[in-house]
Each structure stands twice: as structure tokens, then as C-alpha cells.
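Trainee: Sharing query03.cif below, mmCIF, C-alpha atoms:
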```cif
data_entry
#
loop_
_atom_site.label_atom_id
_atom_site.label_comp_id
_atom_site.auth_asym_id
_atom_site.auth_seq_id
_atom_site.Cartn_x
_atom_site.Cartn_y
_atom_site.Cartn_z
CA MET A 1 0.00 0.00 0.00
CA ARG A 2 2.80 2.42 0.96
CA ARG A 3 4.73 1.61 -2.25
CA ALA A 4 1.61 2.10 -4.39
CA LEU A 5 0.95 5.49 -2.74
CA ALA A 6 4.55 6.60 -3.36
CA VAL A 7 4.32 5.69 -7.04
CA LEU A 8 0.93 7.46 -7.33
CA LEU A 9 2.38 10.64 -5.83
CA LEU A 10 5.25 10.56 -8.33
CA VAL A 11 2.82 10.14 -11.24
CA VAL A 12 0.71 13.08 -9.99
CA ALA A 13 3.83 15.18 -9.51
CA SER A 14 5.03 14.47 -13.05
CA GLY A 15 2.30 16.69 -14.49
CA ALA A 16 3.64 19.64 -12.52
CA MET A 17 7.18 18.84 -13.60
CA ALA A 18 6.45 18.67 -17.31
CA ASN A 19 6.38 22.45 -17.74
CA VAL A 20 10.05 22.80 -16.77
CA CYS A 21 11.30 20.18 -19.28
CA PRO A 22 12.77 21.23 -22.62
CA ASN A 23 11.00 19.74 -25.66
CA LYS A 24 13.41 16.81 -25.53
CA ILE A 25 16.39 16.18 -23.30
CA ARG A 26 19.43 15.17 -25.31
CA VAL A 27 21.34 12.44 -23.47
CA GLN A 28 24.85 11.62 -24.70
CA LEU A 29 25.69 7.94 -24.17
CA ASP A 30 29.12 6.35 -24.27
CA LEU A 31 28.07 3.02 -25.77
CA ALA A 32 29.61 0.22 -23.70
CA ALA A 33 27.68 -2.76 -22.39
CA PRO A 34 26.27 -3.27 -19.85
CA THR A 35 25.84 0.45 -19.05
CA SER A 36 24.44 1.48 -22.45
CA TYR A 37 24.37 -0.44 -25.72
CA ILE A 38 22.27 -1.38 -28.75
CA ASP A 39 20.91 -4.92 -28.49
CA ALA A 40 20.38 -7.52 -31.24
CA LYS A 41 16.96 -6.00 -32.02
CA GLY A 42 18.46 -2.54 -32.54
CA THR A 43 17.02 -1.20 -29.28
CA ILE A 44 19.02 1.08 -27.01
CA THR A 45 19.25 -0.52 -23.58
CA GLY A 46 21.52 -0.95 -20.55
CA MET A 47 21.86 -0.03 -16.90
CA ASP A 48 22.10 3.73 -17.42
CA VAL A 49 19.48 3.71 -20.18
CA GLU A 50 16.88 2.09 -17.92
CA MET A 51 17.72 4.40 -15.03
CA LEU A 52 17.55 7.56 -17.15
CA GLN A 53 14.28 6.44 -18.71
CA LEU A 54 12.82 5.91 -15.25
CA ILE A 55 14.08 9.22 -13.83
CA LEU A 56 13.43 11.55 -16.78
CA ARG A 57 10.17 10.10 -18.05
CA GLU A 58 8.67 9.99 -14.58
CA ALA A 59 9.41 13.71 -14.43
CA GLY A 60 7.43 14.19 -17.66
CA CYS A 61 10.49 14.66 -19.89
CA GLU A 62 11.04 13.20 -23.36
CA ILE A 63 14.46 11.78 -24.20
CA GLU A 64 16.58 12.03 -27.33
CA TRP A 65 19.47 9.57 -27.14
CA THR A 66 22.70 10.58 -28.86
CA PHE A 67 25.66 8.24 -29.06
CA GLU A 68 28.15 9.77 -31.44
CA SER A 69 31.58 8.50 -30.41
CA MET A 70 33.52 11.31 -28.72
CA SER A 71 36.29 11.81 -26.19
CA ILE A 72 35.41 12.86 -22.64
CA GLU A 73 36.94 16.30 -23.35
CA ARG A 74 34.66 16.80 -26.36
CA ALA A 75 31.61 15.51 -24.47
CA LEU A 76 32.27 18.03 -21.69
CA ARG A 77 32.59 20.85 -24.25
CA GLN A 78 29.24 19.77 -25.75
CA VAL A 79 27.64 20.10 -22.30
CA GLN A 80 29.35 23.42 -21.65
CA GLU A 81 28.10 24.84 -24.96
CA GLY A 82 24.59 23.40 -24.59
CA TYR A 83 24.68 21.02 -27.56
CA VAL A 84 24.22 18.09 -25.15
CA ASP A 85 21.88 18.37 -22.16
CA VAL A 86 22.92 15.30 -20.16
CA ILE A 87 25.88 12.96 -19.63
CA THR A 88 25.56 9.92 -17.38
CA ARG A 89 27.85 8.49 -14.64
CA MET A 90 29.93 11.57 -13.99
CA SER A 91 32.06 12.64 -11.03
CA ILE A 92 31.60 16.09 -9.50
CA ARG A 93 34.70 18.20 -10.11
CA PRO A 94 34.97 21.90 -9.09
CA GLU A 95 35.77 23.05 -12.65
CA ARG A 96 32.70 21.27 -14.01
CA THR A 97 30.28 23.01 -11.63
CA ARG A 98 30.89 26.29 -13.50
CA TYR A 99 28.85 25.05 -16.46
CA ALA A 100 26.93 22.01 -15.20
CA HIS A 101 24.44 20.94 -12.55
CA PHE A 102 24.81 17.51 -10.96
CA SER A 103 22.15 15.16 -9.72
CA GLU A 104 22.29 13.33 -6.45
CA VAL A 105 23.88 9.87 -6.57
CA TYR A 106 21.80 7.55 -8.74
CA ARG A 107 24.11 4.50 -8.74
CA GLN A 108 27.64 3.36 -7.95
CA GLU A 109 30.44 3.26 -10.50
CA VAL A 110 33.05 0.57 -9.92
CA LEU A 111 36.64 0.71 -11.15
CA GLY A 112 38.69 -2.43 -10.80
CA LEU A 113 42.38 -3.26 -11.00
CA PHE A 114 42.85 -6.55 -12.84
CA ALA A 115 45.82 -8.70 -13.90
CA LEU A 116 46.44 -12.15 -15.33
CA LYS A 117 47.05 -14.75 -12.64
CA ASP A 118 50.47 -15.67 -14.05
CA THR A 119 51.74 -12.06 -14.15
CA PRO A 120 54.42 -11.50 -11.49
CA LEU A 121 53.55 -8.34 -9.56
CA PRO A 122 55.40 -6.72 -6.66
CA ALA A 123 53.51 -6.22 -3.41
CA PHE A 124 51.77 -2.83 -3.24
CA SER A 125 48.72 -1.36 -1.56
CA THR A 126 48.28 1.87 -3.56
CA LEU A 127 48.68 2.98 -7.16
CA THR A 128 51.50 5.26 -6.01
CA GLU A 129 53.41 2.24 -4.70
CA ALA A 130 52.72 0.36 -7.94
CA TYR A 131 54.13 3.29 -9.93
CA GLU A 132 57.21 3.52 -7.72
CA LYS A 133 57.84 -0.23 -8.13
CA GLY A 134 57.82 -0.04 -11.92
CA VAL A 135 54.49 -1.73 -12.66
CA ARG A 136 53.21 -1.27 -16.23
CA LEU A 137 49.65 0.03 -16.21
CA ILE A 138 46.81 0.10 -18.75
CA ALA A 139 44.49 2.98 -17.79
CA PRO A 140 42.14 5.67 -19.16
CA GLY A 141 44.02 8.45 -20.91
CA ALA A 142 41.56 11.16 -19.86
CA GLY A 143 38.71 11.83 -17.45
CA PHE A 144 38.58 11.58 -13.69
CA PHE A 145 39.06 8.06 -12.33
CA GLY A 146 40.01 8.70 -8.73
CA GLU A 147 42.35 11.27 -7.21
CA GLU A 148 45.37 8.96 -7.15
CA LEU A 149 45.36 8.27 -10.89
CA HIS A 150 44.62 11.95 -11.51
CA GLN A 151 47.86 12.86 -9.71
CA LEU A 152 49.94 10.05 -11.27
CA ARG A 153 48.73 9.88 -14.88
CA ASP A 154 51.18 12.32 -16.49
CA ARG A 155 54.19 10.84 -14.68
CA TRP A 156 53.15 7.29 -15.53
CA LEU A 157 52.71 8.22 -19.19
CA ALA A 158 56.05 10.04 -19.27
CA SER A 159 57.78 6.97 -17.84
CA GLY A 160 56.69 4.90 -20.85
CA ARG A 161 55.08 2.34 -18.53
CA MET A 162 51.46 3.32 -19.12
CA THR A 163 49.23 2.40 -22.07
CA ALA A 164 46.39 4.92 -22.28
CA TYR A 165 42.99 4.11 -23.75
CA ASP A 166 39.80 5.98 -24.64
CA SER A 167 37.32 3.11 -24.88
CA ALA A 168 36.82 0.60 -22.05
CA THR A 169 35.26 -1.79 -24.57
CA TYR A 170 38.45 -1.76 -26.65
CA ALA A 171 40.69 -1.77 -23.57
CA SER A 172 39.15 -4.99 -22.25
CA ARG A 173 41.27 -6.86 -24.82
CA LEU A 174 44.62 -5.20 -23.98
CA LEU A 175 45.39 -7.52 -21.07
CA PHE A 176 45.04 -10.56 -23.33
CA THR A 177 47.19 -9.47 -26.27
CA LYS A 178 50.50 -11.24 -26.84
CA PRO A 179 52.47 -9.76 -25.24
CA PRO A 180 49.97 -7.91 -22.97
CA ARG A 181 50.09 -4.11 -23.13
CA GLY A 182 50.63 -3.86 -19.38
CA ASP A 183 50.98 -5.81 -16.15
CA MET A 184 47.52 -4.76 -14.97
CA ILE A 185 44.54 -2.72 -16.11
CA LEU A 186 42.47 -0.04 -14.36
CA ILE A 187 39.02 -0.16 -15.95
CA ASP A 188 35.27 0.11 -15.45
CA ALA A 189 34.66 -3.26 -13.81
CA ASP A 190 31.16 -3.69 -15.27
CA VAL A 191 32.42 -3.25 -18.83
CA PHE A 192 35.50 -5.42 -18.27
CA HIS A 193 33.54 -8.36 -16.87
CA HIS A 194 30.95 -8.05 -19.63
CA PHE A 195 33.44 -8.21 -22.49
CA ILE A 196 35.77 -10.97 -21.35
CA SER A 197 34.83 -14.61 -21.87
CA ASP A 198 34.26 -17.20 -19.13
CA ALA A 199 37.64 -18.75 -20.00
CA GLU A 200 39.36 -15.35 -19.69
CA THR A 201 37.60 -14.69 -16.39
CA GLU A 202 39.33 -17.80 -15.04
CA GLN A 203 42.70 -16.28 -15.99
CA VAL A 204 42.10 -12.96 -14.21
CA ILE A 205 42.53 -11.79 -10.64
CA ASN A 206 41.23 -8.64 -9.00
CA VAL A 207 44.61 -7.30 -7.81
CA GLY A 208 44.55 -7.12 -4.02
CA ASP A 209 40.73 -6.96 -4.15
CA TRP A 210 41.30 -3.35 -5.35
CA LEU A 211 37.95 -1.83 -6.29
CA LEU A 212 37.21 1.88 -6.31
CA ILE A 213 33.48 2.21 -5.62
CA SER A 214 32.47 5.80 -6.25
CA PRO A 215 29.15 7.68 -6.54
CA ALA A 216 27.90 8.32 -10.07
CA HIS A 217 25.97 11.49 -10.87
CA ILE A 218 24.00 12.74 -13.86
CA MET A 219 25.53 15.89 -15.35
CA PHE A 220 23.20 18.60 -16.78
CA SER A 221 24.16 21.56 -18.97
CA LYS A 222 23.41 24.85 -17.20
CA LYS A 223 22.73 26.39 -20.62
CA THR A 224 19.69 24.20 -21.25
CA ILE A 225 18.58 22.59 -17.96
CA SER A 226 17.28 24.64 -15.04
CA ALA A 227 18.23 24.12 -11.41
CA GLU A 228 14.50 23.71 -10.72
CA LEU A 229 14.28 20.73 -13.08
CA VAL A 230 17.39 19.14 -11.55
CA GLU A 231 15.86 19.42 -8.07
CA ARG A 232 12.66 17.80 -9.27
CA LEU A 233 14.63 15.00 -10.89
CA ASN A 234 16.51 14.60 -7.61
CA ALA A 235 13.17 14.05 -5.89
CA VAL A 236 12.48 11.17 -8.30
CA ILE A 237 15.97 9.73 -7.63
CA ARG A 238 15.49 9.94 -3.85
CA GLU A 239 12.14 8.19 -4.04
CA HIS A 240 13.39 5.35 -6.20
CA ARG A 241 16.49 4.90 -4.09
CA LYS A 242 14.15 4.55 -1.10
CA LEU A 243 11.99 2.04 -3.01
CA GLY A 244 15.07 0.10 -4.15
CA THR A 245 14.14 0.44 -7.84
CA LEU A 246 17.47 1.87 -8.96
CA ALA A 247 19.46 -0.66 -6.92
CA ALA A 248 17.46 -3.49 -8.51
CA ILE A 249 18.35 -2.25 -12.03
CA GLU A 250 22.01 -1.94 -11.04
CA ARG A 251 22.08 -5.48 -9.64
CA ARG A 252 20.33 -6.95 -12.70
CA TYR A 253 22.96 -5.64 -15.11
CA ARG A 254 26.02 -6.11 -12.91
CA PRO A 255 27.90 -9.44 -13.34
CA ALA A 256 27.33 -11.78 -10.36
CA LEU A 257 31.07 -12.22 -9.76
CA LEU A 258 31.58 -8.48 -9.50
CA MET A 259 28.51 -8.07 -7.28
CA GLN A 260 29.98 -10.62 -4.87
CA SER A 261 33.28 -8.68 -4.72
CA ILE A 262 31.46 -5.41 -4.07
CA GLU A 263 29.33 -6.93 -1.30
CA ARG A 264 32.42 -8.48 0.30
CA MET A 265 34.19 -5.10 0.30
CA GLN A 266 31.15 -3.30 1.67
CA ALA A 267 30.81 -5.90 4.45
CA MET A 268 34.49 -5.46 5.35
CA SER A 269 34.09 -1.66 5.43
CA ALA A 270 31.04 -1.97 7.67
CA VAL A 271 32.99 -4.16 10.13
CA LYS A 272 35.90 -1.67 10.18
CA SER A 273 33.56 1.25 10.83
CA VAL A 274 32.03 -0.56 13.83
CA HIS A 275 35.45 -1.19 15.34
#
```
So, in terms of C-alpha cells, how does the structure I just supplied come out?

Mentor:
Amino acid sequence: MRRALAVLLLVVASGAMANVCPNKIRVQLDLAAPTSYIDAKGTITGMDVEMLQLILREAGCEIEWTFESMSIERALRQVQEGYVDVITRMSIRPERTRYAHFSEVYRQEVLGLFALKDTPLPAFSTLTEAYEKGVRLIAPGAGFFGEELHQLRDRWLASGRMTAYDSATYASRLLFTKPPRGDMILIDADVFHHFISDAETEQVINVGDWLLISPAHIMFSKKTISAELVERLNAVIREHRKLGTLAAIERRYRPALLMQSIERMQAMSAVKSVH
């Protein structure tokens, strides 16, 4: 009864929200399964697609998906100039807040550090230690993927021990080339697990159980999306987080093996916080 009432209130509220929506909200997608991709029937689908459909349409907004391949720098310029209204799974950075609004957290983004089981690696507990010990890294060439990589990226590249990539889909293969392009790879764990085979999964370890679980936000262009609309969309996000709808979508698309690792890490963190 309580759930039905909550959904009814959101439906009623959507009529009031419709008047603050542009004609269509242009959402730029970086096509990479399982977050967003075109299935065998030619339909756009994925974790972020389902979540954005739920959040925006419940607020009375129509969606125009765009998925032209572009670098993160170009995508950010498109938002800044108002050619794109929305980008999914973004981190809040001070320089971005000058031209963009950010939603509340709608899901978790998970970066993993993976290596082949037979790759000899020195002992390390941080990326800084790995860099200092001469480890060869495969990692994103641009964008924000945690403060530590942000500080190390230029030095790692200059050392000649880092292979940079733009596409996580493409990068999923770099660990399996002969010879591999690095000793380990820092990559979106959802994408990595989706694109490697069962046989390859058996060859891979999550280095030191290293997973960076960080909040993902929806980024909105200030040129085209009002703060009022963002707040109303946040109300939809809060309600569906409370109902567990967004978490259920996240779990459905996330590989079971990765979900187990995340839950193990979260359980360990909970124990540490108690003590």
C-alpha cells in the first residue's frame, strides 16, 4: 500500500514537472555494455538507459538519445556549450560546476584493478606504490578516475610504462594481447567483466581486491537545464532509491562475480567502521 501510494504521488507530480522540461532532453551515451548499448533487435538498452528512462520520463520529460563517439573532453565541451543536455555516470569536479548541474547519486560506478594470474607483480597497496615499483599500467588516458590516478597519470605516461585508452570496450582486450600491453589494467569493472569470456575470467585476478566504488551522478548543462528541473529530478531519484528500484536495475545488469566482490568489500568496510 505504501509503495503504491509513493508511485501514485510521483505520477501526480510528473504533471507539474512537465512544464520545466525542454521539448526533448538530449542524453549523450558512451556506448559500452552493460551500461548502455544497442541490443540484437536494434534497441538502445543498458543499466544507465533504464535508469535515465525511469528518472526523466517519470518527471514528464522526453528523451533524445545521442551516441556519437567522442572523447570525454569533447563531451564536456558539448555540455558546456549546450549542444548536449545530459551525460551519465559523472564525477563532480569543481571546474565542471561552473557550467553544469549535478544530480544526487543515482548509482555506484566501480573501477577495478585486474591482472592475469600468471603475471608477477610486486607487493603494493596503492597505485602510487605500484608506480614507484615499476608496474606497467593500462588505464584511461583522460577523465577523472580517482584522485590517485589523476595525480599520477602524467608521470606514468612520461615513464613509458602506461598504455592509455579511450574506450573501455576496446581496452578490455589489452590484457590478453600477446604480449599484454601492461601488467595490470584499471578499468570500469562492469564493462570489463561483460566483455571478457568465461575462459578469460578464469585467468584474471582482482589485484589485491582493489575496487574503487564511487558515486555516479548525472551531469546537466546549465545552458539548457534549469536548477529547478534538476531538483525535481533529484526528488524522483530519492524516491526510487528509497523504493530500491534503482538498486534493482544496477544489480540486474552487474555481473554476479563483480557483485559478490562489491558486497564483500562493503561488508568489510562496515565491520571496520564498527570497530

Trainee: Pull out every residue that the PyMOL selection byres ((chain A and resi 241) around 12) matches in the shown coordinates and put them as an MDAnalysis selection string.

Mentor: chainID A and resid 51 54:55 104:108 234:240 242:250

Trainee: Which one is closest to Ile185 (chain A): A:Thr163, A:Thr97, A:Thr128, A:Ser197? Count only C-alpha atoms.

Mentor: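 Once distances to Ile185 (chain A) are computed over only C-alpha atoms, the minimum belongs to A:Thr163.
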
Trainee: Do you know which residues are at most 9 Å from Phe67 (chain A) counting all atoms listed in the file, after dropping those on the same chain fewer than 2 positions away, and could you put them as a list in words?

Mentor: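 Once the nearby chain positions are removed, what remains is Val27, Gln28, Leu29, Asp30, Leu31, Trp65, Ser69 and Met70 of chain A.
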
Trainee: So what do you get for CA of Asp118 (chain A) versus CA of Val135 (chain A), distance-wise?

Mentor: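 Value for the CA of Asp118 (chain A)-CA of Val135 (chain A) distance: 14.6 Å.
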
Trainee: Rounded to one decimal in Å, what is the spacing between CA of Cys21 (chain A) and CA of Cys61 (chain A)?

Mentor: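 Distance reported for this atom pair: 5.6 Å.
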
Trainee: One number please: CA of Ile44 (chain A) to CA of Thr169 (chain A), in Å, one decimal.

Mentor: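 Between CA of Ile44 (chain A) and CA of Thr169 (chain A) the gap is 16.7 Å.
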
Trainee: With the PyMOL selection byres ((chain A and resi 200-213) around 9) as the selection, what would be picked from this file? Answer as a PyMOL selection string, please.

Mentor: chain A and resi 108-118+124-126+145-146+176+184+189+193+196-199+214-215+261-262+265

Trainee: Point out the residue among A:Thr177, A:Gly82, A:His217, A:Tyr131 with the least atom-to-atom distance to Ala158 (chain A), counting only C-alpha atoms.

Mentor: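 When distances to Ala158 (chain A) are compared using only C-alpha atoms, the smallest one comes from A:Tyr131.
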
Trainee: Residues within 12 Å of (24.3, 22.6, -16.9), file coordinates, counting only C-alpha atoms: what are they? Give the list as number ranges by chain.

Mentor: A: 76-87, 96-103, 218-230

Trainee: Which residue out of A:Ala32, A:Ala142, A:Arg153, A:Leu56 has the minimum interatomic distance to Asp188 (chain A) when all atoms listed in the file are used?

Mentor: A:Ala32

Trainee: Can you pull out every residue within 8 Å of Gly141 (chain A), counting only C-alpha atoms, but drop anything in the same chain fewer than 6 positions away, and send it as a list of chain:residue names?

Mentor: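 Here the answer would be A:Arg153, A:Ala164, A:Tyr165, A:Asp166.
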
Trainee: Can you report as JSON the centre and edge lengths in Å, to one decimal, of an axis-aligned box around the listed atoms of region 127-133 of chain A padded with 5 Å on each side?

Mentor:
```
{"center_x": 53.3, "center_y": 2.5, "center_z": -7.3, "size_x": 19.2, "size_y": 15.5, "size_z": 15.2}
```

Trainee: Smallest atom-to-atom distance to Gln53 (chain A): which of A:Leu233, A:Ala216, A:Ala40, A:Ile187, using only C-alpha atoms?

Mentor: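 Answer, going by the shortest atom-to-atom distance: A:Leu233.
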